[in-house]
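Coordinates as given in data-v8.pdb (PDB, C-alpha atoms and all ligand atoms):
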```pdb
MODEL        1
ATOM      1  CA  MET A 808     184.311 149.169  89.000
ATOM      2  CA  LYS A 809     183.670 149.177  85.290
ATOM      3  CA  ASN A 810     181.611 147.194  82.815
ATOM      4  CA  LEU A 811     179.560 147.822  79.656
ATOM      5  CA  VAL A 812     176.283 148.524  81.461
ATOM      6  CA  LEU A 813     177.940 151.046  83.793
ATOM      7  CA  ASP A 814     179.643 152.697  80.817
ATOM      8  CA  VAL A 815     176.291 153.063  79.013
ATOM      9  CA  ILE A 816     174.568 154.472  82.116
ATOM     10  CA  LYS A 817     177.339 157.017  82.613
ATOM     11  CA  SER A 818     177.797 158.029  78.988
ATOM     12  CA  ARG A 819     174.100 158.489  78.047
ATOM     13  CA  ARG A 820     173.112 162.118  77.513
ATOM     14  CA  SER A 821     169.983 163.743  76.180
ATOM     15  CA  ILE A 822     170.468 164.215  72.445
ATOM     16  CA  ARG A 823     168.772 167.223  70.871
ATOM     17  CA  LYS A 824     170.124 167.096  67.305
ATOM     18  CA  PHE A 825     169.359 164.129  65.084
ATOM     19  CA  LYS A 826     170.225 162.918  61.603
ATOM     20  CA  SER A 827     167.181 162.719  59.328
ATOM     21  CA  THR A 828     167.583 158.990  58.513
ATOM     22  CA  PRO A 829     165.441 156.963  60.930
ATOM     23  CA  ILE A 830     166.866 154.019  62.867
ATOM     24  CA  THR A 831     166.292 150.579  61.341
ATOM     25  CA  ASP A 832     163.343 148.377  62.313
ATOM     26  CA  GLU A 833     165.775 145.900  63.867
ATOM     27  CA  GLU A 834     167.226 148.628  66.085
ATOM     28  CA  LEU A 835     163.736 149.908  66.908
ATOM     29  CA  PHE A 836     162.360 146.494  67.912
ATOM     30  CA  THR A 837     165.467 145.734  69.994
ATOM     31  CA  ILE A 838     165.017 149.022  71.856
ATOM     32  CA  ILE A 839     161.259 148.560  72.357
ATOM     33  CA  GLU A 840     161.884 145.049  73.671
ATOM     34  CA  ALA A 841     164.250 146.546  76.275
ATOM     35  CA  GLY A 842     161.402 148.872  77.330
ATOM     36  CA  ASN A 843     159.084 145.895  77.644
ATOM     37  CA  PHE A 844     161.569 144.223  80.016
ATOM     38  CA  ALA A 845     161.311 147.001  82.628
ATOM     39  CA  PRO A 846     160.249 146.213  86.190
ATOM     40  CA  SER A 847     156.680 147.163  87.148
ATOM     41  CA  GLY A 848     154.533 147.222  90.263
ATOM     42  CA  HIS A 849     152.787 143.835  90.687
ATOM     43  CA  ASN A 850     154.421 142.910  87.354
ATOM     44  CA  GLU A 851     151.489 144.576  85.556
ATOM     45  CA  GLN A 852     153.687 145.799  82.652
ATOM     46  CA  PRO A 853     151.091 148.545  82.022
ATOM     47  CA  TRP A 854     152.792 150.309  79.089
ATOM     48  CA  HIS A 855     152.134 150.745  75.416
ATOM     49  CA  PHE A 856     154.609 152.199  72.915
ATOM     50  CA  THR A 857     153.387 154.148  69.893
ATOM     51  CA  VAL A 858     156.114 154.654  67.311
ATOM     52  CA  VAL A 859     155.482 157.761  65.205
ATOM     53  CA  LYS A 860     157.449 157.651  61.955
ATOM     54  CA  ASN A 861     155.415 160.238  60.028
ATOM     55  CA  SER A 862     157.466 163.457  60.090
ATOM     56  CA  SER A 863     154.525 165.739  59.211
ATOM     57  CA  LEU A 864     152.590 164.246  62.123
ATOM     58  CA  ILE A 865     155.615 164.789  64.408
ATOM     59  CA  ASP A 866     155.799 168.441  63.241
ATOM     60  CA  GLU A 867     152.041 168.926  63.740
ATOM     61  CA  LEU A 868     152.263 167.434  67.235
ATOM     62  CA  SER A 869     155.173 169.758  68.055
ATOM     63  CA  SER A 870     153.363 172.890  66.905
ATOM     64  CA  ASP A 871     150.120 171.904  68.674
ATOM     65  CA  VAL A 872     152.043 171.254  71.931
ATOM     66  CA  LYS A 873     153.688 174.682  71.533
ATOM     67  CA  LYS A 874     150.238 176.286  71.152
ATOM     68  CA  GLU A 875     149.208 174.714  74.473
ATOM     69  CA  CYS A 876     152.376 176.122  76.060
ATOM     70  CA  GLU A 877     151.224 179.682  75.283
ATOM     71  CA  THR A 878     148.846 179.666  78.254
ATOM     72  CA  PHE A 879     150.833 177.359  80.551
ATOM     73  CA  PRO A 880     151.308 179.002  83.990
ATOM     74  CA  GLU A 881     155.111 178.884  83.900
ATOM     75  CA  PRO A 882     157.264 181.589  82.258
ATOM     76  CA  PHE A 883     159.909 179.174  80.872
ATOM     77  CA  ILE A 884     157.291 176.970  79.180
ATOM     78  CA  GLN A 885     155.491 180.045  77.817
ATOM     79  CA  SER A 886     158.764 181.402  76.426
ATOM     80  CA  MET A 887     159.367 178.119  74.563
ATOM     81  CA  SER A 888     156.025 178.513  72.776
ATOM     82  CA  LYS A 889     157.283 181.837  71.376
ATOM     83  CA  ASN A 890     160.644 180.410  70.323
ATOM     84  CA  ALA A 891     160.308 179.747  66.580
ATOM     85  CA  ALA A 892     163.467 177.600  66.539
ATOM     86  CA  PHE A 893     162.139 175.261  69.234
ATOM     87  CA  HIS A 894     160.789 171.938  68.011
ATOM     88  CA  VAL A 895     159.374 169.857  70.861
ATOM     89  CA  PHE A 896     160.996 166.694  69.429
ATOM     90  CA  TYR A 897     164.136 168.407  68.061
ATOM     91  CA  HIS A 898     163.221 167.289  64.522
ATOM     92  CA  ALA A 899     163.862 163.644  65.430
ATOM     93  CA  PRO A 900     162.814 161.365  62.564
ATOM     94  CA  MET A 901     160.935 159.145  65.029
ATOM     95  CA  VAL A 902     159.078 159.645  68.301
ATOM     96  CA  ILE A 903     157.965 156.970  70.735
ATOM     97  CA  VAL A 904     154.922 157.923  72.811
ATOM     98  CA  VAL A 905     154.771 155.906  76.033
ATOM     99  CA  SER A 906     151.220 155.391  77.275
ATOM    100  CA  ALA A 907     150.012 153.960  80.566
ATOM    101  CA  MET A 908     147.438 151.194  80.267
ATOM    102  CA  PRO A 909     144.561 151.293  82.774
ATOM    103  CA  ASN A 910     145.812 148.299  84.801
ATOM    104  CA  GLY A 911     148.262 148.734  87.649
ATOM    105  CA  LEU A 912     148.667 150.965  90.698
ATOM    106  CA  THR A 913     152.050 152.396  89.699
ATOM    107  CA  LYS A 914     151.535 153.193  86.031
ATOM    108  CA  VAL A 915     153.635 156.361  85.823
ATOM    109  CA  GLU A 916     156.558 154.785  87.691
ATOM    110  CA  ASP A 917     156.313 151.689  85.479
ATOM    111  CA  CYS A 918     156.238 153.766  82.277
ATOM    112  CA  SER A 919     159.195 155.785  83.580
ATOM    113  CA  ALA A 920     161.174 152.580  84.181
ATOM    114  CA  ALA A 921     160.319 151.411  80.649
ATOM    115  CA  THR A 922     161.365 154.798  79.264
ATOM    116  CA  GLN A 923     164.728 154.661  81.039
ATOM    117  CA  ASN A 924     165.289 151.124  79.686
ATOM    118  CA  ILE A 925     164.648 152.497  76.186
ATOM    119  CA  LEU A 926     167.081 155.388  76.713
ATOM    120  CA  LEU A 927     169.811 153.029  77.916
ATOM    121  CA  ALA A 928     169.200 150.373  75.240
ATOM    122  CA  ALA A 929     169.391 153.085  72.573
ATOM    123  CA  GLU A 930     172.631 154.458  74.020
ATOM    124  CA  SER A 931     174.104 150.939  74.028
ATOM    125  CA  LEU A 932     173.577 150.984  70.217
ATOM    126  CA  ASN A 933     174.960 154.553  69.978
ATOM    127  CA  ILE A 934     171.456 155.832  69.140
ATOM    128  CA  GLY A 935     170.383 159.192  70.549
ATOM    129  CA  THR A 936     167.287 159.857  72.631
ATOM    130  CA  CYS A 937     165.656 162.618  74.609
ATOM    131  CA  TRP A 938     162.902 162.098  77.187
ATOM    132  CA  ILE A 939     160.120 164.553  76.235
ATOM    133  CA  GLU A 940     157.732 165.470  79.033
ATOM    134  CA  PHE A 941     156.563 168.541  77.074
ATOM    135  CA  ILE A 942     154.043 166.353  75.247
ATOM    136  CA  ASN A 943     152.016 166.149  78.482
ATOM    137  CA  ILE A 944     151.236 169.847  78.307
ATOM    138  CA  GLY A 945     149.277 169.072  75.160
ATOM    139  CA  PHE A 946     147.492 166.071  76.642
ATOM    140  CA  LYS A 947     146.157 168.219  79.516
ATOM    141  CA  ASN A 948     143.828 169.878  76.980
ATOM    142  CA  THR A 949     140.660 167.879  76.195
ATOM    143  CA  GLU A 950     140.507 168.804  72.496
ATOM    144  CA  PHE A 951     144.199 168.115  71.943
ATOM    145  CA  LYS A 952     143.816 164.813  73.771
ATOM    146  CA  ALA A 953     140.837 163.687  71.672
ATOM    147  CA  LYS A 954     142.617 164.679  68.439
ATOM    148  CA  TYR A 955     145.867 162.856  69.202
ATOM    149  CA  LEU A 956     144.428 159.760  70.888
ATOM    150  CA  LYS A 957     142.799 159.214  67.502
ATOM    151  CA  LYS A 958     145.662 160.313  65.235
ATOM    152  CA  LEU A 959     148.236 158.282  67.173
ATOM    153  CA  GLU A 960     145.890 155.275  67.371
ATOM    154  CA  ILE A 961     146.462 155.025  71.136
ATOM    155  CA  PRO A 962     144.682 151.900  72.480
ATOM    156  CA  GLU A 963     141.364 152.325  74.301
ATOM    157  CA  GLY A 964     141.873 153.330  77.950
ATOM    158  CA  ALA A 965     145.583 154.152  77.567
ATOM    159  CA  THR A 966     146.929 157.538  78.719
ATOM    160  CA  PRO A 967     150.019 159.038  77.054
ATOM    161  CA  THR A 968     152.509 159.820  79.831
ATOM    162  CA  MET A 969     155.746 160.822  78.096
ATOM    163  CA  ALA A 970     157.489 160.675  74.748
ATOM    164  CA  ILE A 971     160.975 159.889  73.512
ATOM    165  CA  ALA A 972     162.657 161.584  70.563
ATOM    166  CA  ILE A 973     164.908 158.965  68.966
ATOM    167  CA  GLY A 974     167.350 158.819  66.086
ATOM    168  CA  TYR A 975     170.962 158.734  65.002
ATOM    169  CA  LYS A 976     172.968 161.358  66.859
ATOM    170  CA  ASP A 977     174.040 164.547  65.089
ATOM    171  CA  MET A 978     175.838 165.882  68.162
ATOM    172  CA  PRO A 979     178.263 164.348  70.648
ATOM    173  CA  ASN A 980     177.352 163.158  74.147
ATOM    174  CA  ILE A 981     178.477 166.110  76.229
ATOM    175  CA  PRO A 982     179.727 164.977  79.654
ATOM    176  CA  VAL A 983     177.928 166.668  82.551
ATOM    177  CA  LYS A 984     179.360 166.709  86.047
ATOM    178  CA  ARG A 985     177.134 165.298  88.774
ATOM    179  CA  LYS A 986     175.708 168.064  90.989
ATOM    180  CA  ASN A 987     176.242 166.050  94.125
ATOM    181  CA  GLU A 988     178.687 163.136  94.232
ATOM    182  CA  THR A 989     177.675 162.387  97.821
ATOM    183  CA  CYS A 990     173.963 161.996  97.131
ATOM    184  CA  TYR A 991     173.587 159.191  99.650
ATOM    185  CA  ASN A 992     173.976 158.315 103.290
ATOM    186  CA  ILE A 993     174.776 154.951 104.791
ATOM    187  CA  VAL A 994     173.138 153.775 107.954
ATOM    188  CA  GLU A 995     174.897 150.924 109.766
TER
HETATM  189  C1  LIG A1001     160.916 163.409  83.595
HETATM  190  C2  LIG A1001     161.793 164.048  82.548
HETATM  191  C3  LIG A1001     161.236 164.948  81.653
HETATM  192  C4  LIG A1001     162.034 165.542  80.663
HETATM  193  N1  LIG A1001     161.430 166.326  79.715
HETATM  194  C5  LIG A1001     162.201 166.911  78.765
HETATM  195  C6  LIG A1001     161.585 167.678  77.725
HETATM  196  O1  LIG A1001     160.376 167.834  77.639
HETATM  197  N2  LIG A1001     162.411 168.243  76.806
HETATM  198  C7  LIG A1001     163.775 168.090  76.838
HETATM  199  O2  LIG A1001     164.459 168.640  75.981
HETATM  200  N3  LIG A1001     164.367 167.328  77.793
HETATM  201  C8  LIG A1001     163.608 166.733  78.739
HETATM  202  N4  LIG A1001     164.191 165.912  79.669
HETATM  203  C9  LIG A1001     165.651 165.698  79.643
HETATM  204  C10 LIG A1001     166.353 166.443  80.778
HETATM  205  O3  LIG A1001     166.397 167.806  80.483
HETATM  206  C11 LIG A1001     167.762 165.849  80.926
HETATM  207  O4  LIG A1001     167.663 164.481  81.271
HETATM  208  C12 LIG A1001     168.576 166.564  82.002
HETATM  209  O5  LIG A1001     168.828 167.897  81.618
HETATM  210  C13 LIG A1001     169.905 165.858  82.259
HETATM  211  O6  LIG A1001     170.635 165.738  81.046
HETATM  212  P1  LIG A1001     171.090 164.322  80.460
HETATM  213  O7  LIG A1001     169.844 163.562  80.070
HETATM  214  O8  LIG A1001     171.935 164.670  79.270
HETATM  215  O9  LIG A1001     171.839 163.603  81.537
HETATM  216  C14 LIG A1001     163.415 165.285  80.627
HETATM  217  C15 LIG A1001     163.961 164.364  81.531
HETATM  218  C16 LIG A1001     163.165 163.732  82.463
HETATM  219  C17 LIG A1001     163.754 162.689  83.365
ENDMDL
END
```
What's the structure tokens form of this structure?
Ligand SMILES: Cc1cc2nc3c(=O)[nH]c(=O)nc-3n(C[C@H](O)[C@H](O)[C@H](O)COP(=O)(O)O)c2cc1C
Amino acid sequence: MKNLVLDVIKSRRSIRKFKSTPITDEELFTIIEAGNFAPSGHNEQPWHFTVVKNSSLIDELSSDVKKECETFPEPFIQSMSKNAAFHVFYHAPMVIVVSAMPNGLTKVEDCSAATQNILLAAESLNIGTCWIEFINIGFKNTEFKAKYLKKLEIPEGATPTMAIAIGYKDMPNIPVKRKNETCYNIVE
């Protein structure tokens, strides 16, 4: 079967090279609205989206996250901190930080559903995104957390859970084969 939604789901890829021009406000609000329409446990809708448009702040956040990676107990993450070419947000002109509000029993799942809605809505407009979990390495550190809760004006009680690099694509969607086409079983 084939339709537009299925095409968008199948064609979306993580984009890691962006044009410097940010997406328009109309595109941004359309995409955020799609995030806000995600399902959530008990319909709590416990998410908050912080749109970071300031490129020096995005760069500062990237280099501070990389500093936190230096002591992270995982060789791959540590190696990324030493990689001068690595920018946590791939120089995207805009980053959306998704925070979990204190209400709700399934905050991380809810924020993940909202994030996926954002990724798919963006793809439907041919806008590139990459889900960035790396930001969490920074938020594990108390000083980093205090600094960026303030700088990003995160609402009281909200916890940043993931981020999304977003912008016009400067690379194609590269098709990736599924690792396991039979990732299911049917019980009758
Ligand atoms: C929970 C989660 C965390 C991720 N964190 C990162 C990240 O920090 N940096 C990054 O470049 N990609 C990150 N990704 C993107 C994955 O690497 C990517 O989805 C995966 O390689 C499959 O590629 P695709 O998105 O093109 O299908 C993350 C994806 C998920 C779902």
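Omitting Gln885 of chain A and its sequence neighbours fewer than 5 positions away, and counting all atoms listed in the file, the residues within 12 Å are Val872, Lys873, Lys874, Glu875, Cys876, Glu877, Thr878, Phe879, Pro880, Asn890, Phe893, Phe941 and Ile944 of chain A.
Counting all atoms listed in the file, the residue from A:Asn910, A:Ser818, A:Gln852, A:Asn810 that sits nearest to ligand LIG 1001 (chain A) is A:Ser818.
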Check your understanding: In terms of the shortest atom-to-atom distance over all atoms listed in the file, which of A:Ser906, A:Asn861, A:Asn933, A:Thr949 is closest to Glu834 of chain A?
Key -> A:Asn933
Within 12 Å of ligand LIG 1001 (chain A), counting only C-alpha atoms and all ligand atoms, residues as a CSV table (one decimal) with C-alpha atoms, in the frame of the given file:
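Result written to part.csv:
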```csv
chain,number,residue,atom,x,y,z
A,815,VAL,CA,176.3,153.1,79.0
A,816,ILE,CA,174.6,154.5,82.1
A,817,LYS,CA,177.3,157.0,82.6
A,818,SER,CA,177.8,158.0,79.0
A,819,ARG,CA,174.1,158.5,78.0
A,820,ARG,CA,173.1,162.1,77.5
A,821,SER,CA,170.0,163.7,76.2
A,822,ILE,CA,170.5,164.2,72.4
A,823,ARG,CA,168.8,167.2,70.9
A,824,LYS,CA,170.1,167.1,67.3
A,869,SER,CA,155.2,169.8,68.1
A,872,VAL,CA,152.0,171.3,71.9
A,873,LYS,CA,153.7,174.7,71.5
A,876,CYS,CA,152.4,176.1,76.1
A,883,PHE,CA,159.9,179.2,80.9
A,884,ILE,CA,157.3,177.0,79.2
A,887,MET,CA,159.4,178.1,74.6
A,893,PHE,CA,162.1,175.3,69.2
A,894,HIS,CA,160.8,171.9,68.0
A,895,VAL,CA,159.4,169.9,70.9
A,896,PHE,CA,161.0,166.7,69.4
A,897,TYR,CA,164.1,168.4,68.1
A,898,HIS,CA,163.2,167.3,64.5
A,899,ALA,CA,163.9,163.6,65.4
A,915,VAL,CA,153.6,156.4,85.8
A,916,GLU,CA,156.6,154.8,87.7
A,918,CYS,CA,156.2,153.8,82.3
A,919,SER,CA,159.2,155.8,83.6
A,920,ALA,CA,161.2,152.6,84.2
A,922,THR,CA,161.4,154.8,79.3
A,923,GLN,CA,164.7,154.7,81.0
A,926,LEU,CA,167.1,155.4,76.7
A,927,LEU,CA,169.8,153.0,77.9
A,930,GLU,CA,172.6,154.5,74.0
A,935,GLY,CA,170.4,159.2,70.5
A,936,THR,CA,167.3,159.9,72.6
A,937,CYS,CA,165.7,162.6,74.6
A,938,TRP,CA,162.9,162.1,77.2
A,939,ILE,CA,160.1,164.6,76.2
A,940,GLU,CA,157.7,165.5,79.0
A,941,PHE,CA,156.6,168.5,77.1
A,942,ILE,CA,154.0,166.4,75.2
A,943,ASN,CA,152.0,166.1,78.5
A,944,ILE,CA,151.2,169.8,78.3
A,945,GLY,CA,149.3,169.1,75.2
A,968,THR,CA,152.5,159.8,79.8
A,969,MET,CA,155.7,160.8,78.1
A,970,ALA,CA,157.5,160.7,74.7
A,971,ILE,CA,161.0,159.9,73.5
A,972,ALA,CA,162.7,161.6,70.6
A,973,ILE,CA,164.9,159.0,69.0
A,978,MET,CA,175.8,165.9,68.2
A,979,PRO,CA,178.3,164.3,70.6
A,980,ASN,CA,177.4,163.2,74.1
A,981,ILE,CA,178.5,166.1,76.2
A,982,PRO,CA,179.7,165.0,79.7
A,983,VAL,CA,177.9,166.7,82.6
A,984,LYS,CA,179.4,166.7,86.0
A,985,ARG,CA,177.1,165.3,88.8
A,986,LYS,CA,175.7,168.1,91.0
```
Is it possible to get the axis-aligned box enclosing segment 979-989 of chain A (all listed atoms, 3 Å extra per side) as AutoDock Vina command-line options, with centre and edge lengths in Å rounded to one decimal?
```
--center_x 177.7 --center_y 165.2 --center_z 84.2 --size_x 10.0 --size_y 11.7 --size_z 33.2
```
**Study point:** Within 9 Å of segment 954-958 of chain A using all atoms listed in the file, minus same-chain residues under 6 positions, as a PyMOL selection string
**Key:** chain A and resi 864+868+946+965-967
Point to revise | Residues within 12 Å of (161.8, 143.9, 77.6), file coords, all atoms listed in the file, listed as a list in words | key: Phe836, Thr837, Ile838, Ile839, Glu840, Ala841, Gly842, Asn843, Phe844, Ala845, Pro846, Ser847, Gln852, Trp854, Phe856, Ala920, Ala921, Thr922, Gln923, Asn924, Ile925 and Ala928 of chain A
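As for atom CA of Ala891 of chain A and atom CA of Leu959 of chain A, they are spaced 24.6 Å apart.
Of the listed residues (A:Val902, A:Leu932, A:Asp977, A:Asp871), A:Asp871 comes nearest to Lys952 of chain A; the distances count only C-alpha atoms.
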Review point. Mind pulling up the distance from atom CA of Lys976 of chain A to atom CA of Ala892 of chain A?
Key: 18.8 Å
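Distance-wise, atom CA of Ile961 of chain A and atom CA of Ile903 of chain A end up 11.7 Å apart.
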Point to revise | Option closest in space to His849 of chain A, from A:Leu912, A:Leu811, A:Cys990, A:Val905 [counting all atoms listed in the file] | key: A:Leu912
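Restricting the calculation to all atoms listed in the file, the smallest distance between Asp866 of chain A and any of A:Asn948, A:Met901, A:Glu960, A:Ile934 is found for A:Met901.
Closest approach to Pro909 of chain A among A:Asp832, A:Glu995, A:Glu851, A:Glu988: A:Glu851, based on all atoms listed in the file.
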Point to revise | Surrounding residues of Pro829 of chain A excluding itself and chain neighbours under 3 positions, 8 Å, only C-alpha atoms, as number ranges by chain | key: A: 826, 900-901, 974-975
